[in-house]
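Participant: Dropping the structure in here first, questions after.
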Amino acid sequence: MFWHLLAHWLSFFFPVFYKKIEGRNIHYLHKKGPAIIAMNHPNAFTDPIIISHLTYPLRLKYMARGDAFKPGLVTFLLESMGIVPIYRMRDGGKEGLKKNDESYQRVNALLGKNKKVIVFAEGLCVQERRLRPLKKGVARMVFGAYEFLQNDSLTIIPVGINYNQPDAFRSKVFYNVGEPIPVKDYVELYRENPARAQTKLLTDLSQRMKELITHVDNPVNDVAMLQIETLCMEDRLREKQLKPTLANELTVLKELTHTLNQGEQHHPGIVSEFREKAAEYFHLLKTHRLRDWVIRPGHQSSINTFGITFRLFILFLGAPLYLAAFLLNYPAMFLTHAITSRRIKSVEFYSSVAIGIAMLLFTIQYAIWFILASQIVESVFGPYLVCLFAFLSGWFALFYYPYFKKTRALLYCLIHKDIYAMLRQKREVLVAILNKF
């Protein structure tokens, strides 16, 4: 219960940190019967929290690194959330691995109650556009659970988590759930040759999970893949007449990823040329505080005096409300960024910790506004209205600020036509290189 209350309280802040959150085939997770949910793991605590929110009222359990279970209050809180420790050799040595027998027993007990348990099958949290080799312990746990349960309804449900930029503010996240894999299909082979059955299960599971995410073969091309996505996504969606849903974006992205992987295999020189010129182009965009969308041919009609003047007028009208939002909400946001950027060195934990800190700081901040308003405003509804205004103005700011940045970019291109023309030319060269592979 505590874990799901926490997930829903945190979900209140998801729209602030994430631009879009969507899931596909979530109904597979609601099917009756015990299941082990095999997921990739790009974003620390955020990954299980979001899926707990998406699958409500289903109460998912999950396995986490055993070294996080410190004696005392921390262990009590983690266990009350339904989290089961899993130990790796590098975390707890051989003594830690022995504790896994107890963890597997707890998983079996949960599965015996038809619960669903999440296991991060790669065994680590890493922000890469690929699936890492799955841990052998996953297969051992699956067959061990089957032997304990003797239940043919036991399944493995593959899930692929896709972020466009997992460490960035206002990112997008898409949970792609695959069709359940019946464990009974491997039991006959397991009884004949356990090692072969485990290998086959991991091979099949890995293939199924790769189909649910984007998998860039060469790690050198991770940044290039993000750049290709930026350059091509909108045009490809329009060409295919697809709505800009995250499911459709993933379909296009997988096609682009396949093109890049094939290009790396057959035309490595051309891909290398793209990486070099793309790095230069995106560096120039950053230098001039621009984004690729303003250079894209489809938006050149927006760079005109009348259109920009109208946008400036809209910004002028909204400025007072944005200023109020800034004063009422920015202190907590500023402190969240300052604390997280100083304390968190691993990008995999940045988003998760930032959401947790924001949850605490915004709660404190709104409590302060409530107390101050109750001392100033005589009406009993006054403090509530102040907090509601702070909340609604904060939502307004989430849309106002991007509108301001877009207006600034358009105005910059209108004034600096030579820079705009230079960037358009470099973009055309990039697109031409992409067409070669």
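Identifiers in the structure tokens: chain A, B, ... in order shown; residue index from 1 per chain; ligand index from 1 in order shown.
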Please provide the set of residues having any atom within 12 Å of Ser374 in chain A, restricted to only C-alpha atoms, with same-chain residues fewer than 6 positions apart removed, written as a ChimeraX atom specification.
Facilitator: /A:367-368,380-387
Participant: Write the selection just made, keeping C-alpha atoms, as a tab-separated table (two decimals), in the first residue's frame?
Facilitator:
```
chain	number	residue	atom	x	y	z
A	367	ALA	CA	2.77	24.58	3.03
A	368	ILE	CA	4.67	27.85	3.58
A	380	VAL	CA	-11.09	30.71	5.22
A	381	PHE	CA	-10.79	29.85	1.52
A	382	GLY	CA	-7.94	32.34	0.95
A	383	PRO	CA	-5.00	30.00	1.69
A	384	TYR	CA	-6.49	27.30	-0.53
A	385	LEU	CA	-6.99	29.77	-3.37
A	386	VAL	CA	-3.39	30.99	-3.04
A	387	CYS	CA	-2.06	27.43	-3.31
```
Participant: So which bits of range 157-250 of chain A end up strand (DSSP E or B) when you DSSP the backbone, as a ChimeraX atom specification?
Facilitator: /A:157-163,171-177,181-182
Participant: Mind writing the picked residues with all heavy atoms as a short mmCIF file (atom, residue, chain, number, x, y, z; two decimals), in the first residue's frame?
Facilitator:
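part22.cif was written with the following content:
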```cif
data_model
loop_
_atom_site.label_atom_id
_atom_site.label_comp_id
_atom_site.auth_asym_id
_atom_site.auth_seq_id
_atom_site.Cartn_x
_atom_site.Cartn_y
_atom_site.Cartn_z
N ILE A 157 6.97 -11.60 -18.69
CA ILE A 157 6.44 -10.51 -19.51
C ILE A 157 7.57 -9.54 -19.82
O ILE A 157 8.08 -8.86 -18.92
CB ILE A 157 5.30 -9.77 -18.79
CG1 ILE A 157 4.21 -10.75 -18.37
CG2 ILE A 157 4.72 -8.69 -19.69
CD1 ILE A 157 3.08 -10.12 -17.58
N PRO A 158 8.01 -9.47 -21.09
CA PRO A 158 9.08 -8.53 -21.44
C PRO A 158 8.55 -7.10 -21.54
O PRO A 158 7.45 -6.87 -22.06
CB PRO A 158 9.56 -9.03 -22.81
CG PRO A 158 8.36 -9.72 -23.38
CD PRO A 158 7.57 -10.28 -22.23
N VAL A 159 9.30 -6.15 -21.02
CA VAL A 159 8.93 -4.74 -21.08
C VAL A 159 10.15 -3.92 -21.51
O VAL A 159 11.24 -4.10 -20.97
CB VAL A 159 8.43 -4.22 -19.71
CG1 VAL A 159 8.13 -2.72 -19.79
CG2 VAL A 159 7.19 -4.97 -19.26
N GLY A 160 9.95 -3.07 -22.50
CA GLY A 160 11.01 -2.18 -22.95
C GLY A 160 10.68 -0.75 -22.57
O GLY A 160 9.62 -0.23 -22.92
N ILE A 161 11.58 -0.10 -21.82
CA ILE A 161 11.38 1.30 -21.43
C ILE A 161 12.19 2.16 -22.37
O ILE A 161 13.39 1.97 -22.55
CB ILE A 161 11.84 1.54 -19.98
CG1 ILE A 161 11.21 0.51 -19.04
CG2 ILE A 161 11.47 2.95 -19.53
CD1 ILE A 161 11.70 0.62 -17.62
N ASN A 162 11.52 3.14 -22.97
CA ASN A 162 12.15 4.00 -23.96
C ASN A 162 12.04 5.47 -23.55
O ASN A 162 10.93 6.00 -23.44
CB ASN A 162 11.48 3.81 -25.33
CG ASN A 162 11.58 2.39 -25.85
OD1 ASN A 162 12.54 2.04 -26.52
ND2 ASN A 162 10.59 1.56 -25.52
N TYR A 163 13.18 6.10 -23.29
CA TYR A 163 13.24 7.54 -23.05
C TYR A 163 13.91 8.17 -24.28
O TYR A 163 14.84 7.60 -24.84
CB TYR A 163 14.11 7.88 -21.84
CG TYR A 163 13.58 7.44 -20.51
CD1 TYR A 163 13.78 6.13 -20.06
CD2 TYR A 163 12.92 8.33 -19.66
CE1 TYR A 163 13.31 5.73 -18.82
CE2 TYR A 163 12.47 7.94 -18.41
CZ TYR A 163 12.66 6.64 -18.00
OH TYR A 163 12.21 6.23 -16.77
N SER A 171 11.52 15.20 -20.67
CA SER A 171 11.76 14.09 -21.59
C SER A 171 10.44 13.36 -21.87
O SER A 171 9.39 13.69 -21.31
CB SER A 171 12.78 13.14 -20.98
OG SER A 171 13.01 12.02 -21.81
N LYS A 172 10.50 12.37 -22.74
CA LYS A 172 9.35 11.50 -23.04
C LYS A 172 9.72 10.08 -22.62
O LYS A 172 10.86 9.66 -22.78
CB LYS A 172 9.01 11.52 -24.53
CG LYS A 172 8.69 12.89 -25.10
CD LYS A 172 8.48 12.79 -26.61
CE LYS A 172 8.28 14.15 -27.25
NZ LYS A 172 8.12 14.03 -28.73
N VAL A 173 8.73 9.34 -22.10
CA VAL A 173 8.99 7.96 -21.71
C VAL A 173 7.84 7.08 -22.18
O VAL A 173 6.67 7.42 -22.01
CB VAL A 173 9.21 7.84 -20.18
CG1 VAL A 173 8.03 8.42 -19.41
CG2 VAL A 173 9.43 6.39 -19.77
N PHE A 174 8.22 5.95 -22.79
CA PHE A 174 7.24 5.04 -23.38
C PHE A 174 7.51 3.62 -22.90
O PHE A 174 8.59 3.08 -23.12
CB PHE A 174 7.32 5.11 -24.90
CG PHE A 174 6.36 4.20 -25.62
CD1 PHE A 174 5.00 4.32 -25.44
CD2 PHE A 174 6.82 3.22 -26.48
CE1 PHE A 174 4.10 3.49 -26.09
CE2 PHE A 174 5.94 2.37 -27.15
CZ PHE A 174 4.58 2.52 -26.95
N TYR A 175 6.51 3.04 -22.21
CA TYR A 175 6.62 1.66 -21.73
C TYR A 175 5.98 0.74 -22.76
O TYR A 175 4.77 0.77 -22.97
CB TYR A 175 5.92 1.51 -20.38
CG TYR A 175 6.74 2.02 -19.22
CD1 TYR A 175 6.99 3.37 -19.05
CD2 TYR A 175 7.29 1.13 -18.30
CE1 TYR A 175 7.76 3.84 -18.00
CE2 TYR A 175 8.05 1.59 -17.23
CZ TYR A 175 8.28 2.94 -17.09
OH TYR A 175 9.05 3.40 -16.04
N ASN A 176 6.81 -0.10 -23.38
CA ASN A 176 6.37 -0.98 -24.44
C ASN A 176 6.32 -2.41 -23.91
O ASN A 176 7.36 -3.04 -23.69
CB ASN A 176 7.35 -0.87 -25.62
CG ASN A 176 6.76 -1.34 -26.92
OD1 ASN A 176 5.56 -1.56 -27.02
ND2 ASN A 176 7.59 -1.50 -27.93
N VAL A 177 5.12 -2.91 -23.68
CA VAL A 177 4.95 -4.22 -23.05
C VAL A 177 4.77 -5.28 -24.13
O VAL A 177 3.93 -5.14 -25.04
CB VAL A 177 3.74 -4.23 -22.10
CG1 VAL A 177 3.61 -5.58 -21.40
CG2 VAL A 177 3.88 -3.11 -21.07
N ILE A 181 5.51 -14.63 -22.21
CA ILE A 181 6.18 -15.86 -22.64
C ILE A 181 5.86 -16.96 -21.63
O ILE A 181 6.26 -16.86 -20.46
CB ILE A 181 7.71 -15.66 -22.72
CG1 ILE A 181 8.06 -14.49 -23.64
CG2 ILE A 181 8.40 -16.94 -23.15
CD1 ILE A 181 9.53 -14.10 -23.61
N PRO A 182 5.15 -18.02 -22.01
CA PRO A 182 4.84 -19.10 -21.06
C PRO A 182 6.11 -19.88 -20.69
O PRO A 182 6.84 -20.36 -21.56
CB PRO A 182 3.86 -19.99 -21.85
CG PRO A 182 3.37 -19.15 -22.99
CD PRO A 182 4.51 -18.23 -23.32
#
```
Participant: Write out as a compact mmCIF listing (two decimals) with N, CA and C atoms, in the first residue's frame each polymer residue whose atoms come within 9 Å of Gln365 in chain A, counting only C-alpha atoms; drop sequence neighbours fewer than 6 positions from it.
Facilitator:
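Final output, out_24.txt:
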```
# COMPACT_ATOMS: atom_id res chain seq x y z
N LEU A 328 6.29 32.08 -7.13
CA LEU A 328 5.62 31.10 -6.27
C LEU A 328 6.19 29.69 -6.39
N ASN A 329 6.83 29.37 -7.52
CA ASN A 329 7.27 28.00 -7.77
C ASN A 329 8.77 27.84 -7.96
N PRO A 331 11.55 28.89 -6.35
CA PRO A 331 12.48 28.52 -5.26
C PRO A 331 12.67 27.01 -5.11
N ALA A 332 11.57 26.25 -5.12
CA ALA A 332 11.67 24.79 -4.97
C ALA A 332 12.36 24.17 -6.18
```
Participant: Among range 213-295 of chain A, which ones does DSSP place in helix (DSSP H, G or I), written as an MDAnalysis selection string?
Facilitator: chainID A and resid 219:239 246:266 268:287 292:295
Participant: Nearest to Ser272 in chain A among A:Leu414, A:Val220, A:Leu131, A:Leu154, with distances taken over only C-alpha atoms: which residue is it?
Facilitator: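 Among A:Leu414, A:Val220, A:Leu131, A:Leu154, it is A:Val220 that comes nearest to Ser272 in chain A.
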Participant: Residues within 12 Å of Arg106 in chain A, please, as a list in words. Count only C-alpha atoms; anything in the same chain fewer than 3 positions from it doesn't count.
Facilitator: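 Counting only C-alpha atoms, the residues come to Lys61, Tyr62, Met63, Glu79, Gly82, Ile83, Val84, Pro85, Ile86, Lys99, Asn100, Asp101, Glu102, Ser103, Ala109, Leu110, Leu111, Gly112, Lys113, Lys115, Val117, Met141, Gly144, Ala145 and Phe148 of chain A.
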Participant: Please provide the set of residues having any atom within 6 Å of Lys116 in chain A, restricted to only C-alpha atoms, with same-chain residues fewer than 4 positions apart removed, written as a VMD selection string.
Facilitator: chain A and resid 34 to 36 60
Participant: Counting only C-alpha atoms, what is within 9 Å of Met233 in chain A, bar same-chain residues fewer than 5 positions away, as a PyMOL selection string?
Facilitator: chain A and resi 228+238+249+252-253+256
Participant: Could you give me, as a ChimeraX atom specification, the residues within 7 Å of range 424-435 of chain A, counting only C-alpha atoms and dropping anything in the same chain fewer than 5 positions from it?
Facilitator: /A:274,277-278,281,295
Participant: Do you have the CA of Glu276 in chain A-CA of Gln165 in chain A distance handy?
Facilitator: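 So the answer is 20.9 Å.
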Participant: Which of these, A:Asn261, A:Ser302, A:Gln227, A:Asn25, has the shortest distance to Lys406 in chain A once you count only C-alpha atoms?
Facilitator: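 Nearest candidate to Lys406 in chain A out of A:Asn261, A:Ser302, A:Gln227, A:Asn25: A:Ser302.
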